[in-house]
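Enquirer: Take this structure first; my questions come after.
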Amino acid sequence: MRALAARRLALVLPTLLGVLTIVFLFVRLVPGDPVEIMLGEWAAPADAAALRRNLGLDRPVAAQYVRFIAHAARGDLGDSLAFHRPVAAVIADRYPATLELAFAALVVAGLVAIPLGAAAAVRPRSALDRIARAASLAGICIPTLWLGPLLMLVFSIGLGWLPVSGRGGVAHLVLPVATLALGMAGVLVRMTRATMLRVLAEDWVRTARAKGAPGWRVVMVHAFRNAVGPVLVVLGLQAGALLAGAIITETIFAWPGLGRLVVEAIQARDYPLVQGCALAIGATYVAVNTATDLVAHVLDPRLER
Amino acid sequence: MRRGTGLAIAGGTALLLLAVAGAAAPLFAPVGPYATDLDARLLAPGPGHPLGSDPLGRDVLARVLWGARVSLAVGVAAVTVSLTVGTLLGAVAGYAGGWIDEGLARVIDVLLAFPGLLLAIALAAVLGPSLANVVVALSVLGWTGYARVARAEVMALRERPFVDAARALGASPARVVVRHLVPLAAPTLLVQATFGLGGAVLAEASLSFLGLGAPPPMPSWGSMIDDGRAFLLVAPHLVVVPGVALATTVLALQLLGDGLRDLLDVRGAQR
């Protein structure tokens, strides 16, 4: 286990370096002059020169790269052009909102989908199973960008039960979380059901039943414990989809998080901020995937192979 | 009937209908997708405009039908590019092994460290809004899925006797990969591509929703939903109609993919 953790953590640094490299290349791949794109064609030459210096674009690419990595390692991501503040500070302001939204969606999706998928697998082809499968298909196929406005139409504008947008108390969370959680729940129901079906067909499940273990015990203790590892891996892998969905969801509900920030930064052509957001989201994703891997191994040591 | 046949037929039929509706759009729509009529703004569905009109008095039915062209064309183009590049790179890496394989795996790891949509958004933003750029943005990440599948399939097959036989007969590595190994990976790649098309259609809509896809006034389901958001109260059909089209397309592809997976008995591909 310890060896595995070391091996897995050793992979994190090269991956993060790769993420940094892509983020670095991103601005350099812009066709044309990034400074001109950011400031517009008619910017004063002095402003353009200052920005070029600020971004380090006046040096050779290799030197820029080393400087970028060195600064990023110290948490210095440059200054945002739109906010006139350090990029790291702007991101730190917005990060908790995205974390709150994504975590709430993760918990809701998990709490709804995992029991539903497991229950569906216990009685395949039952009414419950059919409902679960239809619901999961709907969850997978209803796009976030459509679900958000629809929920807003029904619950905020139509019924007036919930606020239209913004961040505040629990009421503000309901619609964005529902929007973000549905797609993930759809995938989770599917995966939990498939995994439980496979596990329930194992010989040792039959043995447990033959020994006279009560039905609920076979399902909960024998089968579910063995299914939880793969389900958890899916949960972790879905974190990427969740962060991507957050970009759309936050835009719809004016949620002041990273997703909306990256869209604002793109619209403002604030490339240092775009870089910072991409880096923050990429790093979060890498961290979640690594943590998922490790937890899955703790829960199911057979994965060691 | 074999398992999966019903799903595949249902999904395939729906997809075909959508494609025909898009291709024959001028036959179904009363006017073109760009024709504005400022006397007929924000009309609810009714005679003259079967699915209503938008803030510029454009016909929503026409825009949804033309939007099917945009959606499917971008999706098919992105999947074709991704599938070709991914299959070639993955097959070569799986066959060659060693540092080539290791290098490819690292590149894929790094690309997958970004949520797909984020990378596409960043690229589309840098390249500017156009359909060709959407295809590029989706393909930059899209090929990795096919590369993984092709690599795994080729690695599982490359030690088989028929590969040795082909080599013994003097087949070049390129011939072994292209003629003997890739065809055997085709069913898995086909299923993956079906799910991939659904993903690409969704991603195009997402980019257009954020203003980074189809340039206005081109009709795209994503940008139609975005434009309609401001009129939720007075004209909900502006959001509902393109959303139904988008969800139906994704559903059709999901059913087709599920059906094909059962029919072809494919395990590796997944959405």
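Following the order of the structure tokens, first chain is A, next is B, and so on, with residues numbered from 1 inside each chain and ligands from 1 in the order they appear.
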So which residues of stretch 60-293 of chain A fall under alpha helix (DSSP H) by DSSP, listed as a ChimeraX atom specification?
Expert: /A:61-73,87-122,127-141,144-151,170-200,203-210,215-217,224-252,258-267,271-293
Enquirer: Any idea what's packed within 9 Å of A:Trp255, counting only C-alpha atoms, ignoring anything in its chain fewer than 5 positions away? Could you give it as a PyMOL selection string?
Expert: chain A and resi 97-98+101+165-167+176+249-250+260
Enquirer: Could you list, with a cut-off of 7 Å and counting only C-alpha atoms, the residues of chain A near chain B, each shown with its nearest atom pair and the distance in Å rounded to one decimal, rows sorted by chain and ascending number, as a tab-separated table?
Expert:
```
residue	atom	partner	partner_atom	distance
A:Thr15	CA	B:Val110	CA	5.5
A:Gly18	CA	B:Val110	CA	5.6
A:Val19	CA	B:Val110	CA	6.1
A:Val30	CA	B:Val126	CA	5.8
A:Cys141	CA	B:Leu251	CA	5.3
A:Ile142	CA	B:Ala247	CA	5.4
A:Pro143	CA	B:Ala247	CA	6.5
A:Leu145	CA	B:Ser206	CA	6.8
A:Trp146	CA	B:Gly243	CA	5.6
A:Pro149	CA	B:Arg229	CA	6.6
A:Leu153	CA	B:Leu232	CA	6.4
A:Ile157	CA	B:Leu233	CA	6.8
A:Gly240	CA	B:Pro115	CA	4.7
A:Ala241	CA	B:Pro115	CA	6.2
A:Leu243	CA	B:Pro115	CA	6.7
A:Ala244	CA	B:Leu117	CA	5.5
A:Ile266	CA	B:Ala125	CA	6.4
A:Gly282	CA	B:Phe114	CA	4.9
A:Tyr285	CA	B:Ala113	CA	6.3
A:Val286	CA	B:Ala113	CA	5.8
```
Enquirer: Nearest to B:Val177 among B:Gly94, B:Gly86, B:Gly259, B:Pro55, with distances taken over only C-alpha atoms: which residue is it?
Expert: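 Comparing B:Gly94, B:Gly86, B:Gly259, B:Pro55 against B:Val177, the winner is B:Gly94.
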Enquirer: What is the distance between atom CA of A:Pro86 and atom CA of A:His71, in Å to one decimal?
Expert: 12.3 Å
Enquirer: Could you build a table of the residues in stretch 64-139 of chain A lying no more than 7 Å from stretch 192-210 of chain A, giving for each the nearest pair of atoms and their separation in Å rounded to one decimal place, using only C-alpha atoms, ordered by chain and ascending residue number, as CSV?
Expert:
```
residue,atom,partner,partner_atom,distance
A:Ile114,CA,A:Thr192,CA,6.0
A:Gly117,CA,A:Arg193,CA,4.4
A:Ala118,CA,A:Arg193,CA,5.4
A:Ala120,CA,A:Arg193,CA,6.3
A:Ala121,CA,A:Arg193,CA,5.0
```
Enquirer: Store the residues picked out above, limited to C-alpha atoms, as a compact mmCIF listing (two decimals), in the first residue's frame.
Expert:
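Saved as part-v7.txt:
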```
# COMPACT_ATOMS: atom_id res chain seq x y z
CA ILE A 114 -25.64 4.59 -5.32
CA GLY A 117 -28.37 1.55 -8.52
CA ALA A 118 -27.74 -1.10 -5.87
CA ALA A 120 -32.10 -1.90 -8.93
CA ALA A 121 -29.44 -4.61 -9.20
```
Enquirer: I'd like to know which of B:Gly52, B:Gly67, B:Gly57, B:Gly196 is closest to B:Leu18, using only C-alpha atoms.
Expert: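 Counting only C-alpha atoms, the residue closest to B:Leu18 is B:Gly67.
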Enquirer: Please determine, counting only C-alpha atoms, which residue among B:Ala132, B:Ala185, B:Val85, B:Val178 has the shortest atom-to-atom distance to B:Ala73.
Expert: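 For B:Ala73, the nearest of the given residues is B:Ala132.
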Enquirer: Need the shell around A:Ala280: protein/DNA/RNA residues with any atom at most 8 Å away, counting only C-alpha atoms. Skip same-chain ones fewer than 4 positions apart. Format as a ChimeraX atom specification?
Expert: /A:91,276,284
Enquirer: Go ahead and dump the residues you just picked, C-alpha atoms, as a PDB file, in the first residue's frame.
Expert:
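Written file, again_1.pdb:
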```pdb
ATOM      1  CA  ILE A  91      -8.760  32.558  -7.913  1.00  0.00           C
ATOM      2  CA  GLY A 276      -4.534  30.527 -13.689  1.00  0.00           C
ATOM      3  CA  THR A 284      -7.838  19.996  -8.602  1.00  0.00           C
TER       4      THR A 284
END
```
Enquirer: Residues within 9 Å of B:Leu61, please, as a ChimeraX atom specification. Count only C-alpha atoms; anything in the same chain fewer than 5 positions from it doesn't count.
Expert: /B:28-30,33,49-53,66,241
Enquirer: Within 10 Å of stretch 147-163 of chain B, counting only C-alpha atoms, which residues qualify if same-chain residues fewer than 6 places away don't, as a PyMOL selection string?
Expert: chain B and resi 82-97+101+104-105+108+169+171+173+176-177+180-182+184-186+188-189+192+268-270
Enquirer: Those selected residues, please, written with C-alpha atoms and delivered as a PDB file, in the first residue's frame.
Expert:
```pdb
ATOM      1  CA  SER B  82     -10.381  12.055 -33.495  1.00  0.00           C
ATOM      2  CA  LEU B  83     -11.052   8.494 -34.614  1.00  0.00           C
ATOM      3  CA  THR B  84      -8.460   8.575 -37.391  1.00  0.00           C
ATOM      4  CA  VAL B  85      -5.710  10.201 -35.347  1.00  0.00           C
ATOM      5  CA  GLY B  86      -6.472   8.239 -32.180  1.00  0.00           C
ATOM      6  CA  THR B  87      -6.671   4.852 -33.881  1.00  0.00           C
ATOM      7  CA  LEU B  88      -3.389   5.355 -35.731  1.00  0.00           C
ATOM      8  CA  LEU B  89      -1.452   6.633 -32.725  1.00  0.00           C
ATOM      9  CA  GLY B  90      -2.953   4.085 -30.343  1.00  0.00           C
ATOM     10  CA  ALA B  91      -2.397   1.153 -32.696  1.00  0.00           C
ATOM     11  CA  VAL B  92       1.194   2.150 -33.402  1.00  0.00           C
ATOM     12  CA  ALA B  93       1.924   2.596 -29.699  1.00  0.00           C
ATOM     13  CA  GLY B  94       0.280  -0.695 -28.783  1.00  0.00           C
ATOM     14  CA  TYR B  95       2.179  -2.557 -31.500  1.00  0.00           C
ATOM     15  CA  ALA B  96       5.549  -0.929 -30.988  1.00  0.00           C
ATOM     16  CA  GLY B  97       5.508  -0.863 -27.189  1.00  0.00           C
ATOM     17  CA  ASP B 101       4.001   3.510 -25.932  1.00  0.00           C
ATOM     18  CA  LEU B 104       1.934   8.297 -25.726  1.00  0.00           C
ATOM     19  CA  ALA B 105       0.597   7.203 -22.336  1.00  0.00           C
ATOM     20  CA  ILE B 108      -2.702  11.171 -22.799  1.00  0.00           C
ATOM     21  CA  LEU B 169       4.982 -13.970 -44.703  1.00  0.00           C
ATOM     22  CA  ALA B 171       4.222  -8.221 -43.943  1.00  0.00           C
ATOM     23  CA  PRO B 173       4.664  -3.573 -39.372  1.00  0.00           C
ATOM     24  CA  VAL B 176       0.196  -5.853 -39.871  1.00  0.00           C
ATOM     25  CA  VAL B 177      -1.312  -2.932 -37.932  1.00  0.00           C
ATOM     26  CA  HIS B 180      -4.688  -7.297 -39.541  1.00  0.00           C
ATOM     27  CA  LEU B 181      -5.021  -5.555 -36.178  1.00  0.00           C
ATOM     28  CA  VAL B 182      -7.111  -2.408 -36.681  1.00  0.00           C
ATOM     29  CA  LEU B 184     -10.308  -6.487 -35.349  1.00  0.00           C
ATOM     30  CA  ALA B 185     -10.543  -3.427 -33.119  1.00  0.00           C
ATOM     31  CA  ALA B 186     -13.228  -1.907 -35.377  1.00  0.00           C
ATOM     32  CA  THR B 188     -15.020  -1.496 -30.177  1.00  0.00           C
ATOM     33  CA  LEU B 189     -13.982   1.665 -32.001  1.00  0.00           C
ATOM     34  CA  GLN B 192     -16.778   4.277 -28.867  1.00  0.00           C
ATOM     35  CA  GLY B 268     -13.823  -1.909 -23.765  1.00  0.00           C
ATOM     36  CA  ALA B 269     -15.771   1.096 -24.994  1.00  0.00           C
ATOM     37  CA  GLN B 270     -17.635   3.287 -22.588  1.00  0.00           C
TER      38      GLN B 270
END
```
Enquirer: Measure the distance from atom CA of A:Leu77 to atom CA of A:Pro256 in Å and round it to one decimal.
Expert: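 For atom CA of A:Leu77 relative to atom CA of A:Pro256, the distance reads 20.4 Å.
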